[in-house]
>>> print(open('input-v6.cif').read())   # mmCIF, N, CA and C atoms
data_coords
#
loop_
_atom_site.label_atom_id
_atom_site.label_comp_id
_atom_site.auth_asym_id
_atom_site.auth_seq_id
_atom_site.Cartn_x
_atom_site.Cartn_y
_atom_site.Cartn_z
N MET A 1 -45.95 77.64 -112.22
CA MET A 1 -46.50 76.59 -113.05
C MET A 1 -48.03 76.65 -112.99
N ARG A 2 -48.64 76.79 -114.16
CA ARG A 2 -50.11 76.82 -114.24
C ARG A 2 -50.60 75.41 -114.53
N LYS A 3 -51.63 74.99 -113.82
CA LYS A 3 -52.15 73.64 -113.97
C LYS A 3 -53.42 73.63 -114.81
N ILE A 4 -53.45 72.72 -115.77
CA ILE A 4 -54.64 72.42 -116.55
C ILE A 4 -55.10 71.05 -116.06
N THR A 5 -56.40 70.89 -115.84
CA THR A 5 -56.92 69.62 -115.36
C THR A 5 -57.93 69.07 -116.34
N LEU A 6 -57.76 67.81 -116.70
CA LEU A 6 -58.73 67.11 -117.53
C LEU A 6 -59.30 65.96 -116.70
N ILE A 7 -60.60 66.01 -116.48
CA ILE A 7 -61.29 64.93 -115.77
C ILE A 7 -62.22 64.25 -116.76
N ARG A 8 -61.90 63.00 -117.08
CA ARG A 8 -62.76 62.20 -117.95
C ARG A 8 -63.90 61.65 -117.10
N ASN A 9 -65.16 61.90 -117.53
CA ASN A 9 -66.26 61.49 -116.67
C ASN A 9 -67.29 60.56 -117.30
N ARG A 10 -67.23 60.33 -118.60
CA ARG A 10 -68.15 59.35 -119.15
C ARG A 10 -67.70 58.90 -120.54
N ARG A 11 -68.07 57.67 -120.84
CA ARG A 11 -67.74 57.10 -122.14
C ARG A 11 -69.01 56.61 -122.80
N GLU A 12 -69.13 56.93 -124.10
CA GLU A 12 -70.25 56.47 -124.92
C GLU A 12 -69.66 55.98 -126.23
N GLY A 13 -69.54 54.66 -126.39
CA GLY A 13 -68.90 54.11 -127.59
C GLY A 13 -67.45 54.55 -127.64
N LYS A 14 -67.04 55.14 -128.76
CA LYS A 14 -65.67 55.61 -128.91
C LYS A 14 -65.45 56.99 -128.28
N ALA A 15 -66.51 57.66 -127.90
CA ALA A 15 -66.41 59.02 -127.35
C ALA A 15 -66.17 58.98 -125.85
N VAL A 16 -65.12 59.68 -125.41
CA VAL A 16 -64.86 59.86 -123.98
C VAL A 16 -65.02 61.35 -123.69
N TYR A 17 -65.99 61.67 -122.86
CA TYR A 17 -66.31 63.06 -122.53
C TYR A 17 -65.67 63.44 -121.20
N GLY A 18 -65.31 64.69 -121.10
CA GLY A 18 -64.72 65.16 -119.87
C GLY A 18 -64.87 66.66 -119.71
N GLN A 19 -64.16 67.17 -118.70
CA GLN A 19 -64.12 68.61 -118.43
C GLN A 19 -62.66 69.03 -118.33
N LEU A 20 -62.29 70.02 -119.11
CA LEU A 20 -60.96 70.60 -119.06
C LEU A 20 -61.08 71.93 -118.33
N SER A 21 -60.24 72.15 -117.33
CA SER A 21 -60.33 73.40 -116.58
C SER A 21 -58.94 73.95 -116.28
N PHE A 22 -58.89 75.25 -116.10
CA PHE A 22 -57.65 75.96 -115.77
C PHE A 22 -58.00 77.35 -115.30
N GLU A 23 -57.03 77.97 -114.65
CA GLU A 23 -57.19 79.37 -114.25
C GLU A 23 -56.45 80.25 -115.23
N MET A 24 -57.07 81.36 -115.59
CA MET A 24 -56.38 82.39 -116.38
C MET A 24 -56.85 83.75 -115.89
N ARG A 25 -56.11 84.74 -116.28
CA ARG A 25 -56.39 86.09 -115.80
C ARG A 25 -57.60 86.68 -116.52
N ASN A 26 -58.48 87.33 -115.73
CA ASN A 26 -59.63 88.01 -116.31
C ASN A 26 -59.26 89.46 -116.60
N ARG A 27 -60.22 90.28 -116.91
CA ARG A 27 -59.96 91.70 -117.26
C ARG A 27 -59.35 92.48 -116.11
N ASP A 28 -59.60 92.03 -114.88
CA ASP A 28 -59.03 92.70 -113.70
C ASP A 28 -57.69 92.09 -113.29
N TYR A 29 -57.16 91.19 -114.14
CA TYR A 29 -55.87 90.50 -113.90
C TYR A 29 -55.92 89.54 -112.73
N ALA A 30 -57.12 89.22 -112.24
CA ALA A 30 -57.25 88.21 -111.19
C ALA A 30 -57.40 86.85 -111.85
N LEU A 31 -56.92 85.81 -111.19
CA LEU A 31 -57.08 84.46 -111.74
C LEU A 31 -58.53 84.01 -111.58
N GLU A 32 -59.08 83.48 -112.65
CA GLU A 32 -60.46 83.00 -112.66
C GLU A 32 -60.47 81.61 -113.30
N LYS A 33 -61.26 80.70 -112.75
CA LYS A 33 -61.32 79.34 -113.26
C LYS A 33 -62.24 79.26 -114.46
N PHE A 34 -61.77 78.61 -115.51
CA PHE A 34 -62.55 78.37 -116.71
C PHE A 34 -62.67 76.87 -116.90
N THR A 35 -63.86 76.39 -117.24
CA THR A 35 -64.11 74.97 -117.46
C THR A 35 -64.85 74.81 -118.77
N MET A 36 -64.45 73.81 -119.54
CA MET A 36 -65.07 73.57 -120.83
C MET A 36 -65.14 72.08 -121.12
N PRO A 37 -66.08 71.66 -121.96
CA PRO A 37 -66.19 70.25 -122.29
C PRO A 37 -65.04 69.79 -123.18
N SER A 38 -64.63 68.53 -123.00
CA SER A 38 -63.59 67.94 -123.84
C SER A 38 -64.11 66.63 -124.43
N LEU A 39 -63.45 66.19 -125.48
CA LEU A 39 -63.82 64.96 -126.15
C LEU A 39 -62.54 64.25 -126.59
N GLU A 40 -62.51 62.93 -126.39
CA GLU A 40 -61.37 62.13 -126.84
C GLU A 40 -61.87 60.85 -127.48
N ASN A 41 -61.01 60.21 -128.25
CA ASN A 41 -61.30 58.94 -128.88
C ASN A 41 -60.86 57.83 -127.93
N ALA A 42 -61.76 56.97 -127.51
CA ALA A 42 -61.46 55.92 -126.53
C ALA A 42 -60.35 54.98 -126.99
N ASP A 43 -60.17 54.84 -128.30
CA ASP A 43 -59.13 53.94 -128.82
C ASP A 43 -57.73 54.51 -128.68
N TYR A 44 -57.60 55.80 -128.39
CA TYR A 44 -56.29 56.46 -128.37
C TYR A 44 -56.07 57.31 -127.13
N LEU A 45 -56.64 56.95 -126.00
CA LEU A 45 -56.54 57.78 -124.80
C LEU A 45 -55.10 57.90 -124.30
N ILE A 46 -54.76 59.09 -123.87
CA ILE A 46 -53.49 59.33 -123.19
C ILE A 46 -53.62 58.72 -121.80
N PRO A 47 -52.61 58.00 -121.32
CA PRO A 47 -52.72 57.46 -119.95
C PRO A 47 -52.90 58.58 -118.93
N ALA A 48 -53.70 58.30 -117.90
CA ALA A 48 -53.86 59.27 -116.81
C ALA A 48 -52.48 59.58 -116.24
N GLY A 49 -52.28 60.82 -115.85
CA GLY A 49 -51.00 61.25 -115.30
C GLY A 49 -50.80 62.73 -115.46
N THR A 50 -49.58 63.19 -115.21
CA THR A 50 -49.23 64.61 -115.32
C THR A 50 -48.18 64.78 -116.40
N TYR A 51 -48.41 65.76 -117.28
CA TYR A 51 -47.53 65.99 -118.42
C TYR A 51 -47.29 67.48 -118.62
N PRO A 52 -46.08 67.86 -119.08
CA PRO A 52 -45.87 69.26 -119.43
C PRO A 52 -46.62 69.60 -120.72
N VAL A 53 -47.02 70.86 -120.84
CA VAL A 53 -47.73 71.34 -122.03
C VAL A 53 -47.08 72.63 -122.49
N GLU A 54 -46.83 72.73 -123.80
CA GLU A 54 -46.29 73.96 -124.40
C GLU A 54 -47.13 74.32 -125.61
N SER A 55 -47.14 75.57 -125.96
CA SER A 55 -47.75 76.00 -127.21
C SER A 55 -46.66 76.02 -128.26
N THR A 56 -46.81 75.18 -129.29
CA THR A 56 -45.80 75.09 -130.35
C THR A 56 -46.47 75.18 -131.70
N TRP A 57 -45.68 75.48 -132.72
CA TRP A 57 -46.19 75.59 -134.07
C TRP A 57 -46.57 74.21 -134.59
N SER A 58 -47.77 74.09 -135.12
CA SER A 58 -48.23 72.85 -135.73
C SER A 58 -48.15 72.99 -137.24
N PRO A 59 -47.21 72.29 -137.88
CA PRO A 59 -47.13 72.36 -139.34
C PRO A 59 -48.41 71.84 -140.02
N ARG A 60 -49.05 70.87 -139.40
CA ARG A 60 -50.28 70.31 -139.98
C ARG A 60 -51.41 71.32 -139.98
N PHE A 61 -51.61 72.04 -138.85
CA PHE A 61 -52.71 72.99 -138.74
C PHE A 61 -52.30 74.43 -139.03
N LYS A 62 -50.99 74.65 -139.19
CA LYS A 62 -50.43 75.97 -139.55
C LYS A 62 -50.80 77.06 -138.56
N LYS A 63 -50.70 76.71 -137.26
CA LYS A 63 -50.91 77.68 -136.20
C LYS A 63 -50.33 77.12 -134.91
N PHE A 64 -50.20 77.99 -133.91
CA PHE A 64 -49.72 77.55 -132.60
C PHE A 64 -50.85 76.82 -131.89
N LEU A 65 -50.53 75.64 -131.33
CA LEU A 65 -51.49 74.84 -130.58
C LEU A 65 -50.80 74.22 -129.37
N PRO A 66 -51.53 73.97 -128.30
CA PRO A 66 -50.93 73.30 -127.15
C PRO A 66 -50.46 71.89 -127.52
N LEU A 67 -49.28 71.52 -127.04
CA LEU A 67 -48.70 70.21 -127.28
C LEU A 67 -48.41 69.57 -125.93
N ILE A 68 -49.02 68.42 -125.68
CA ILE A 68 -48.78 67.66 -124.46
C ILE A 68 -47.55 66.80 -124.71
N GLU A 69 -46.54 66.97 -123.86
CA GLU A 69 -45.26 66.31 -124.07
C GLU A 69 -45.07 65.14 -123.11
N ASN A 70 -44.08 64.31 -123.44
CA ASN A 70 -43.68 63.16 -122.62
C ASN A 70 -44.78 62.12 -122.46
N VAL A 71 -45.67 62.01 -123.45
CA VAL A 71 -46.71 60.99 -123.44
C VAL A 71 -46.05 59.68 -123.87
N PRO A 72 -46.21 58.61 -123.08
CA PRO A 72 -45.56 57.35 -123.43
C PRO A 72 -45.92 56.87 -124.84
N ASP A 73 -44.88 56.48 -125.59
CA ASP A 73 -45.02 55.93 -126.94
C ASP A 73 -45.64 56.89 -127.95
N ARG A 74 -45.56 58.19 -127.68
CA ARG A 74 -46.09 59.19 -128.62
C ARG A 74 -45.09 60.35 -128.72
N ASP A 75 -45.08 61.03 -129.85
CA ASP A 75 -44.19 62.17 -130.03
C ASP A 75 -44.74 63.45 -129.43
N GLY A 76 -45.96 63.45 -129.02
CA GLY A 76 -46.63 64.62 -128.49
C GLY A 76 -48.06 64.60 -128.95
N ILE A 77 -48.93 65.13 -128.13
CA ILE A 77 -50.36 65.10 -128.41
C ILE A 77 -50.89 66.54 -128.38
N ARG A 78 -51.65 66.89 -129.37
CA ARG A 78 -52.20 68.25 -129.47
C ARG A 78 -53.54 68.38 -128.75
N ILE A 79 -53.84 69.60 -128.38
CA ILE A 79 -55.18 70.01 -127.98
C ILE A 79 -55.68 70.88 -129.13
N TYR A 80 -56.77 70.47 -129.76
CA TYR A 80 -57.30 71.27 -130.86
C TYR A 80 -58.80 71.09 -131.00
N ARG A 81 -59.35 71.77 -131.99
CA ARG A 81 -60.80 71.81 -132.17
C ARG A 81 -61.30 70.57 -132.89
N GLY A 82 -62.40 70.01 -132.38
CA GLY A 82 -63.03 68.87 -133.02
C GLY A 82 -64.35 68.56 -132.36
N THR A 83 -65.21 67.82 -133.07
CA THR A 83 -66.55 67.58 -132.56
C THR A 83 -66.96 66.11 -132.52
N ILE A 84 -66.16 65.22 -133.13
CA ILE A 84 -66.46 63.79 -133.09
C ILE A 84 -65.19 63.03 -132.75
N PRO A 85 -65.30 61.89 -132.06
CA PRO A 85 -64.09 61.18 -131.63
C PRO A 85 -63.19 60.76 -132.78
N GLU A 86 -63.77 60.55 -133.95
CA GLU A 86 -62.94 60.15 -135.10
C GLU A 86 -62.00 61.26 -135.55
N HIS A 87 -62.20 62.49 -135.09
CA HIS A 87 -61.27 63.58 -135.39
C HIS A 87 -59.96 63.43 -134.62
N SER A 88 -59.90 62.48 -133.67
CA SER A 88 -58.77 62.39 -132.77
C SER A 88 -58.10 61.02 -132.82
N LYS A 89 -56.78 61.03 -132.85
CA LYS A 89 -55.99 59.81 -132.63
C LYS A 89 -55.10 60.09 -131.43
N GLY A 90 -55.73 60.43 -130.31
CA GLY A 90 -55.02 60.72 -129.09
C GLY A 90 -55.19 62.15 -128.63
N CYS A 91 -55.53 63.03 -129.54
CA CYS A 91 -55.64 64.45 -129.19
C CYS A 91 -56.86 64.71 -128.32
N ILE A 92 -56.79 65.80 -127.57
CA ILE A 92 -57.91 66.26 -126.77
C ILE A 92 -58.63 67.31 -127.59
N LEU A 93 -59.91 67.09 -127.82
CA LEU A 93 -60.69 67.98 -128.65
C LEU A 93 -61.52 68.93 -127.80
N LEU A 94 -61.54 70.20 -128.22
CA LEU A 94 -62.36 71.23 -127.57
C LEU A 94 -63.24 71.87 -128.62
N ASP A 95 -64.32 72.52 -128.16
CA ASP A 95 -65.16 73.28 -129.07
C ASP A 95 -64.51 74.64 -129.34
N LEU A 96 -65.15 75.46 -130.14
CA LEU A 96 -64.59 76.76 -130.53
C LEU A 96 -64.32 77.65 -129.33
N ALA A 97 -65.27 77.72 -128.39
CA ALA A 97 -65.06 78.56 -127.20
C ALA A 97 -63.90 78.03 -126.36
N GLY A 98 -63.81 76.71 -126.22
CA GLY A 98 -62.71 76.12 -125.47
C GLY A 98 -61.36 76.44 -126.10
N MET A 99 -61.29 76.34 -127.43
CA MET A 99 -60.03 76.66 -128.11
C MET A 99 -59.68 78.13 -127.96
N SER A 100 -60.67 79.01 -127.98
CA SER A 100 -60.41 80.43 -127.78
C SER A 100 -59.83 80.68 -126.40
N ASN A 101 -60.42 80.03 -125.38
CA ASN A 101 -59.94 80.21 -124.02
C ASN A 101 -58.54 79.65 -123.82
N ILE A 102 -58.25 78.49 -124.37
CA ILE A 102 -56.92 77.91 -124.16
C ILE A 102 -55.86 78.70 -124.93
N THR A 103 -56.24 79.31 -126.05
CA THR A 103 -55.31 80.18 -126.78
C THR A 103 -54.99 81.41 -125.94
N ILE A 104 -56.00 81.99 -125.31
CA ILE A 104 -55.77 83.14 -124.42
C ILE A 104 -54.86 82.73 -123.27
N LEU A 105 -55.12 81.56 -122.68
CA LEU A 105 -54.27 81.08 -121.58
C LEU A 105 -52.81 81.02 -122.01
N PHE A 106 -52.52 80.41 -123.14
CA PHE A 106 -51.12 80.28 -123.55
C PHE A 106 -50.50 81.60 -123.96
N ASN A 107 -51.29 82.55 -124.45
CA ASN A 107 -50.77 83.91 -124.69
C ASN A 107 -50.38 84.56 -123.37
N GLN A 108 -51.22 84.39 -122.35
CA GLN A 108 -50.90 84.93 -121.02
C GLN A 108 -49.65 84.28 -120.46
N LEU A 109 -49.54 82.96 -120.58
CA LEU A 109 -48.37 82.26 -120.05
C LEU A 109 -47.09 82.72 -120.74
N GLU A 110 -47.16 82.94 -122.04
CA GLU A 110 -45.98 83.43 -122.76
C GLU A 110 -45.57 84.81 -122.26
N ASN A 111 -46.54 85.70 -122.07
CA ASN A 111 -46.24 87.04 -121.58
C ASN A 111 -45.69 87.02 -120.16
N GLU A 112 -46.15 86.08 -119.35
CA GLU A 112 -45.71 86.00 -117.96
C GLU A 112 -44.53 85.05 -117.77
N GLU A 113 -44.06 84.47 -118.89
CA GLU A 113 -42.94 83.52 -118.86
C GLU A 113 -43.20 82.40 -117.85
N GLU A 114 -44.39 81.84 -117.93
CA GLU A 114 -44.81 80.78 -117.02
C GLU A 114 -45.07 79.50 -117.84
N ASN A 115 -44.84 78.35 -117.23
CA ASN A 115 -45.07 77.06 -117.87
C ASN A 115 -46.41 76.48 -117.45
N ALA A 116 -46.81 75.42 -118.17
CA ALA A 116 -48.07 74.74 -117.84
C ALA A 116 -47.86 73.24 -117.81
N GLN A 117 -48.73 72.59 -117.06
CA GLN A 117 -48.78 71.13 -117.06
C GLN A 117 -50.23 70.71 -117.02
N ILE A 118 -50.49 69.49 -117.50
CA ILE A 118 -51.85 68.97 -117.49
C ILE A 118 -51.90 67.73 -116.61
N ASP A 119 -52.92 67.68 -115.76
CA ASP A 119 -53.22 66.51 -114.94
C ASP A 119 -54.44 65.84 -115.56
N ILE A 120 -54.26 64.59 -115.98
CA ILE A 120 -55.34 63.84 -116.60
C ILE A 120 -55.82 62.78 -115.62
N MET A 121 -57.13 62.81 -115.34
CA MET A 121 -57.72 61.88 -114.37
C MET A 121 -58.98 61.25 -114.96
N GLU A 122 -59.29 60.06 -114.49
CA GLU A 122 -60.51 59.38 -114.94
C GLU A 122 -61.46 59.19 -113.77
N GLU A 123 -62.73 59.53 -114.01
CA GLU A 123 -63.76 59.35 -112.98
C GLU A 123 -64.86 58.43 -113.48
N PHE A 124 -64.53 57.55 -114.41
CA PHE A 124 -65.52 56.59 -114.90
C PHE A 124 -64.84 55.24 -115.01
N THR A 125 -65.63 54.20 -115.10
CA THR A 125 -65.09 52.87 -115.32
C THR A 125 -65.43 52.45 -116.73
N ALA A 126 -64.50 51.79 -117.36
CA ALA A 126 -64.67 51.41 -118.77
C ALA A 126 -65.75 50.36 -118.95
#
>>> encode(input="input-v6.cif", output="structure tokens")
Amino acid sequence: MRKITLIRNRREGKAVYGQLSFEMRNRDYALEKFTMPSLENADYLIPAGTYPVESTWSPRFKKFLPLIENVPDRDGIRIYRGTIPEHSKGCILLDLAGMSNITILFNQLENEEENAQIDIMEEFTA
């Protein structure tokens, strides 16, 4: 099981900023930690906790994207590209480099037949 960690560390208006990190294999096949900025909409935050994550086909975006499952009162939450909190109604937004890295991670997990989970934590007070 590969762990993805999201640490929310500051809020500015509707924007909740954080760091998403995970280990993936580098060119030498060794695990290396990657960390990237994340953005969420404060009005639609996923409760802190641990959730399974799969890469599934998104009919809306017409590509494979990570889907956070078992989120209370939601059918699933995507991780996708975005730059302002209004782009999200619960989704975790990453920049272009972050999306490239998470796509590589899920390609590696598929090849290695390994699953992933996300741990969401808050390090700020509202």
>>> closest_residue(input="input-v6.cif", among="A:Ala30, A:Met1, A:Tyr80, A:Ile92", to="Ile46 (chain A)", atoms="all atoms listed in the file")
A:Ile92
>>> atom_distance(input="input-v6.cif", atom1="CA of Ile120 (chain A)", atom2="atom C of Leu105 (chain A)")
18.2 Å
>>> closest_atom_pairs(input="input-v6.cif", of="region 70-121 of chain A", to="region 37-41 of chain A", cutoff="6.5 Å", atoms="only N, CA and C atoms", output="Markdown table")
| residue | atom | partner | partner_atom | distance |
| --- | --- | --- | --- | --- |
| A:Pro85 | CA | A:Asn41 | CA | 4.5 |
| A:Glu86 | N | A:Asn41 | CA | 5.9 |
| A:Ser88 | C | A:Asn41 | N | 5.5 |
| A:Lys89 | N | A:Asn41 | N | 6.3 |
| A:Gly90 | N | A:Asn41 | N | 5.7 |
| A:Cys91 | C | A:Glu40 | CA | 5.4 |
| A:Ile92 | CA | A:Leu39 | C | 5.1 |
| A:Leu93 | N | A:Leu39 | C | 4.1 |
| A:Leu94 | CA | A:Ser38 | CA | 5.1 |
| A:Asp95 | N | A:Pro37 | C | 5.7 |
>>> select_by_dssp(input="input-v6.cif", residues="chain A", states="strand (DSSP E or B)", output="NGL selection string")
:A and (2-12 or 15-25 or 31-41 or 49-58 or 63-68 or 77-81 or 92-94 or 116-122)
>>> select_by_dssp(input="input-v6.cif", residues="chain A", states="alpha helix (DSSP H)", output="MDAnalysis selection string")
chainID A and resid 96:112
>>> resolve_selection(input="input-v6.cif", expression="the PyMOL selection byres ((chain A and resi 76-78) around 6.5)", output="list in words")
Leu65, Pro66, Leu67, Ile68, Glu69, Asn70, Val71, Arg74, Asp75, Ile79, Tyr80, Gly90, Cys91 and Ile92 of chain A
>>> resolve_selection(input="input-v6.cif", expression="the PyMOL selection byres (((chain A and resi 36 and name CA) around 12) and name CA)", output="PDB file with N, CA and C atoms, in the frame of the given file")
ATOM      1  N   ILE A   4     -53.450  72.720-115.770  1.00  0.00           N
ATOM      2  CA  ILE A   4     -54.640  72.420-116.550  1.00  0.00           C
ATOM      3  C   ILE A   4     -55.100  71.050-116.060  1.00  0.00           C
ATOM      4  N   THR A   5     -56.400  70.890-115.840  1.00  0.00           N
ATOM      5  CA  THR A   5     -56.920  69.620-115.360  1.00  0.00           C
ATOM      6  C   THR A   5     -57.930  69.070-116.340  1.00  0.00           C
ATOM      7  N   LEU A   6     -57.760  67.810-116.700  1.00  0.00           N
ATOM      8  CA  LEU A   6     -58.730  67.110-117.530  1.00  0.00           C
ATOM      9  C   LEU A   6     -59.300  65.960-116.700  1.00  0.00           C
ATOM     10  N   ILE A   7     -60.600  66.010-116.480  1.00  0.00           N
ATOM     11  CA  ILE A   7     -61.290  64.930-115.770  1.00  0.00           C
ATOM     12  C   ILE A   7     -62.220  64.250-116.760  1.00  0.00           C
ATOM     13  N   ARG A   8     -61.900  63.000-117.080  1.00  0.00           N
ATOM     14  CA  ARG A   8     -62.760  62.200-117.950  1.00  0.00           C
ATOM     15  C   ARG A   8     -63.900  61.650-117.100  1.00  0.00           C
ATOM     16  N   TYR A  17     -65.990  61.670-122.860  1.00  0.00           N
ATOM     17  CA  TYR A  17     -66.310  63.060-122.530  1.00  0.00           C
ATOM     18  C   TYR A  17     -65.670  63.440-121.200  1.00  0.00           C
ATOM     19  N   GLY A  18     -65.310  64.690-121.100  1.00  0.00           N
ATOM     20  CA  GLY A  18     -64.720  65.160-119.870  1.00  0.00           C
ATOM     21  C   GLY A  18     -64.870  66.660-119.710  1.00  0.00           C
ATOM     22  N   GLN A  19     -64.160  67.170-118.700  1.00  0.00           N
ATOM     23  CA  GLN A  19     -64.120  68.610-118.430  1.00  0.00           C
ATOM     24  C   GLN A  19     -62.660  69.030-118.330  1.00  0.00           C
ATOM     25  N   LEU A  20     -62.290  70.020-119.110  1.00  0.00           N
ATOM     26  CA  LEU A  20     -60.960  70.600-119.060  1.00  0.00           C
ATOM     27  C   LEU A  20     -61.080  71.930-118.330  1.00  0.00           C
ATOM     28  N   SER A  21     -60.240  72.150-117.330  1.00  0.00           N
ATOM     29  CA  SER A  21     -60.330  73.400-116.580  1.00  0.00           C
ATOM     30  C   SER A  21     -58.940  73.950-116.280  1.00  0.00           C
ATOM     31  N   PHE A  22     -58.890  75.250-116.100  1.00  0.00           N
ATOM     32  CA  PHE A  22     -57.650  75.960-115.770  1.00  0.00           C
ATOM     33  C   PHE A  22     -58.000  77.350-115.300  1.00  0.00           C
ATOM     34  N   GLU A  23     -57.030  77.970-114.650  1.00  0.00           N
ATOM     35  CA  GLU A  23     -57.190  79.370-114.250  1.00  0.00           C
ATOM     36  C   GLU A  23     -56.450  80.250-115.230  1.00  0.00           C
ATOM     37  N   LYS A  33     -61.260  80.700-112.750  1.00  0.00           N
ATOM     38  CA  LYS A  33     -61.320  79.340-113.260  1.00  0.00           C
ATOM     39  C   LYS A  33     -62.240  79.260-114.460  1.00  0.00           C
ATOM     40  N   PHE A  34     -61.770  78.610-115.510  1.00  0.00           N
ATOM     41  CA  PHE A  34     -62.550  78.370-116.710  1.00  0.00           C
ATOM     42  C   PHE A  34     -62.670  76.870-116.900  1.00  0.00           C
ATOM     43  N   THR A  35     -63.860  76.390-117.240  1.00  0.00           N
ATOM     44  CA  THR A  35     -64.110  74.970-117.460  1.00  0.00           C
ATOM     45  C   THR A  35     -64.850  74.810-118.770  1.00  0.00           C
ATOM     46  N   PRO A  37     -66.080  71.660-121.960  1.00  0.00           N
ATOM     47  CA  PRO A  37     -66.190  70.250-122.290  1.00  0.00           C
ATOM     48  C   PRO A  37     -65.040  69.790-123.180  1.00  0.00           C
ATOM     49  N   SER A  38     -64.630  68.530-123.000  1.00  0.00           N
ATOM     50  CA  SER A  38     -63.590  67.940-123.840  1.00  0.00           C
ATOM     51  C   SER A  38     -64.110  66.630-124.430  1.00  0.00           C
ATOM     52  N   LEU A  39     -63.450  66.190-125.480  1.00  0.00           N
ATOM     53  CA  LEU A  39     -63.820  64.960-126.150  1.00  0.00           C
ATOM     54  C   LEU A  39     -62.540  64.250-126.590  1.00  0.00           C
ATOM     55  N   ILE A  92     -56.790  65.800-127.570  1.00  0.00           N
ATOM     56  CA  ILE A  92     -57.910  66.260-126.770  1.00  0.00           C
ATOM     57  C   ILE A  92     -58.630  67.310-127.590  1.00  0.00           C
ATOM     58  N   LEU A  93     -59.910  67.090-127.820  1.00  0.00           N
ATOM     59  CA  LEU A  93     -60.690  67.980-128.650  1.00  0.00           C
ATOM     60  C   LEU A  93     -61.520  68.930-127.800  1.00  0.00           C
ATOM     61  N   LEU A  94     -61.540  70.200-128.220  1.00  0.00           N
ATOM     62  CA  LEU A  94     -62.360  71.230-127.570  1.00  0.00           C
ATOM     63  C   LEU A  94     -63.240  71.870-128.620  1.00  0.00           C
ATOM     64  N   ASP A  95     -64.320  72.520-128.160  1.00  0.00           N
ATOM     65  CA  ASP A  95     -65.160  73.280-129.070  1.00  0.00           C
ATOM     66  C   ASP A  95     -64.510  74.640-129.340  1.00  0.00           C
ATOM     67  N   LEU A  96     -65.150  75.460-130.140  1.00  0.00           N
ATOM     68  CA  LEU A  96     -64.590  76.760-130.530  1.00  0.00           C
ATOM     69  C   LEU A  96     -64.320  77.650-129.330  1.00  0.00           C
ATOM     70  N   ALA A  97     -65.270  77.720-128.390  1.00  0.00           N
ATOM     71  CA  ALA A  97     -65.060  78.560-127.200  1.00  0.00           C
ATOM     72  C   ALA A  97     -63.900  78.030-126.360  1.00  0.00           C
ATOM     73  N   GLY A  98     -63.810  76.710-126.220  1.00  0.00           N
ATOM     74  CA  GLY A  98     -62.710  76.120-125.470  1.00  0.00           C
ATOM     75  C   GLY A  98     -61.360  76.440-126.100  1.00  0.00           C
ATOM     76  N   MET A  99     -61.290  76.340-127.430  1.00  0.00           N
ATOM     77  CA  MET A  99     -60.030  76.660-128.110  1.00  0.00           C
ATOM     78  C   MET A  99     -59.680  78.130-127.960  1.00  0.00           C
ATOM     79  N   SER A 100     -60.670  79.010-127.980  1.00  0.00           N
ATOM     80  CA  SER A 100     -60.410  80.430-127.780  1.00  0.00           C
ATOM     81  C   SER A 100     -59.830  80.680-126.400  1.00  0.00           C
ATOM     82  N   ASN A 101     -60.420  80.030-125.380  1.00  0.00           N
ATOM     83  CA  ASN A 101     -59.940  80.210-124.020  1.00  0.00           C
ATOM     84  C   ASN A 101     -58.540  79.650-123.820  1.00  0.00           C
ATOM     85  N   ILE A 102     -58.250  78.490-124.370  1.00  0.00           N
ATOM     86  CA  ILE A 102     -56.920  77.910-124.160  1.00  0.00           C
ATOM     87  C   ILE A 102     -55.860  78.700-124.930  1.00  0.00           C
TER      88      ILE A 102
END
>>> atom_distance(input="input-v6.cif", atom1="atom N of Lys14 (chain A)", atom2="atom C of Ile118 (chain A)")
23.1 Å
>>> atom_distance(input="input-v6.cif", atom1="CA of Glu123 (chain A)", atom2="CA of Met24 (chain A)")
24.4 Å
>>> resolve_selection(input="input-v6.cif", expression="the PyMOL selection byres ((chain A and resi 48) around 8)", output="PDB file with N, CA and C atoms, keeping the file's coordinate frame")
ATOM      1  N   LEU A  45     -56.640  56.950-126.000  1.00  0.00           N
ATOM      2  CA  LEU A  45     -56.540  57.780-124.800  1.00  0.00           C
ATOM      3  C   LEU A  45     -55.100  57.900-124.300  1.00  0.00           C
ATOM      4  N   ILE A  46     -54.760  59.090-123.870  1.00  0.00           N
ATOM      5  CA  ILE A  46     -53.490  59.330-123.190  1.00  0.00           C
ATOM      6  C   ILE A  46     -53.620  58.720-121.800  1.00  0.00           C
ATOM      7  N   PRO A  47     -52.610  58.000-121.320  1.00  0.00           N
ATOM      8  CA  PRO A  47     -52.720  57.460-119.950  1.00  0.00           C
ATOM      9  C   PRO A  47     -52.900  58.580-118.930  1.00  0.00           C
ATOM     10  N   GLY A  49     -52.280  60.820-115.850  1.00  0.00           N
ATOM     11  CA  GLY A  49     -51.000  61.250-115.300  1.00  0.00           C
ATOM     12  C   GLY A  49     -50.800  62.730-115.460  1.00  0.00           C
ATOM     13  N   THR A  50     -49.580  63.190-115.210  1.00  0.00           N
ATOM     14  CA  THR A  50     -49.230  64.610-115.320  1.00  0.00           C
ATOM     15  C   THR A  50     -48.180  64.780-116.400  1.00  0.00           C
ATOM     16  N   TYR A  51     -48.410  65.760-117.280  1.00  0.00           N
ATOM     17  CA  TYR A  51     -47.530  65.990-118.420  1.00  0.00           C
ATOM     18  C   TYR A  51     -47.290  67.480-118.620  1.00  0.00           C
ATOM     19  N   ASP A 119     -52.920  67.680-115.760  1.00  0.00           N
ATOM     20  CA  ASP A 119     -53.220  66.510-114.940  1.00  0.00           C
ATOM     21  C   ASP A 119     -54.440  65.840-115.560  1.00  0.00           C
ATOM     22  N   ILE A 120     -54.260  64.590-115.980  1.00  0.00           N
ATOM     23  CA  ILE A 120     -55.340  63.840-116.600  1.00  0.00           C
ATOM     24  C   ILE A 120     -55.820  62.780-115.620  1.00  0.00           C
ATOM     25  N   MET A 121     -57.130  62.810-115.340  1.00  0.00           N
ATOM     26  CA  MET A 121     -57.720  61.880-114.370  1.00  0.00           C
ATOM     27  C   MET A 121     -58.980  61.250-114.960  1.00  0.00           C
ATOM     28  N   GLU A 122     -59.290  60.060-114.490  1.00  0.00           N
ATOM     29  CA  GLU A 122     -60.510  59.380-114.940  1.00  0.00           C
ATOM     30  C   GLU A 122     -61.460  59.190-113.770  1.00  0.00           C
TER      31      GLU A 122
END
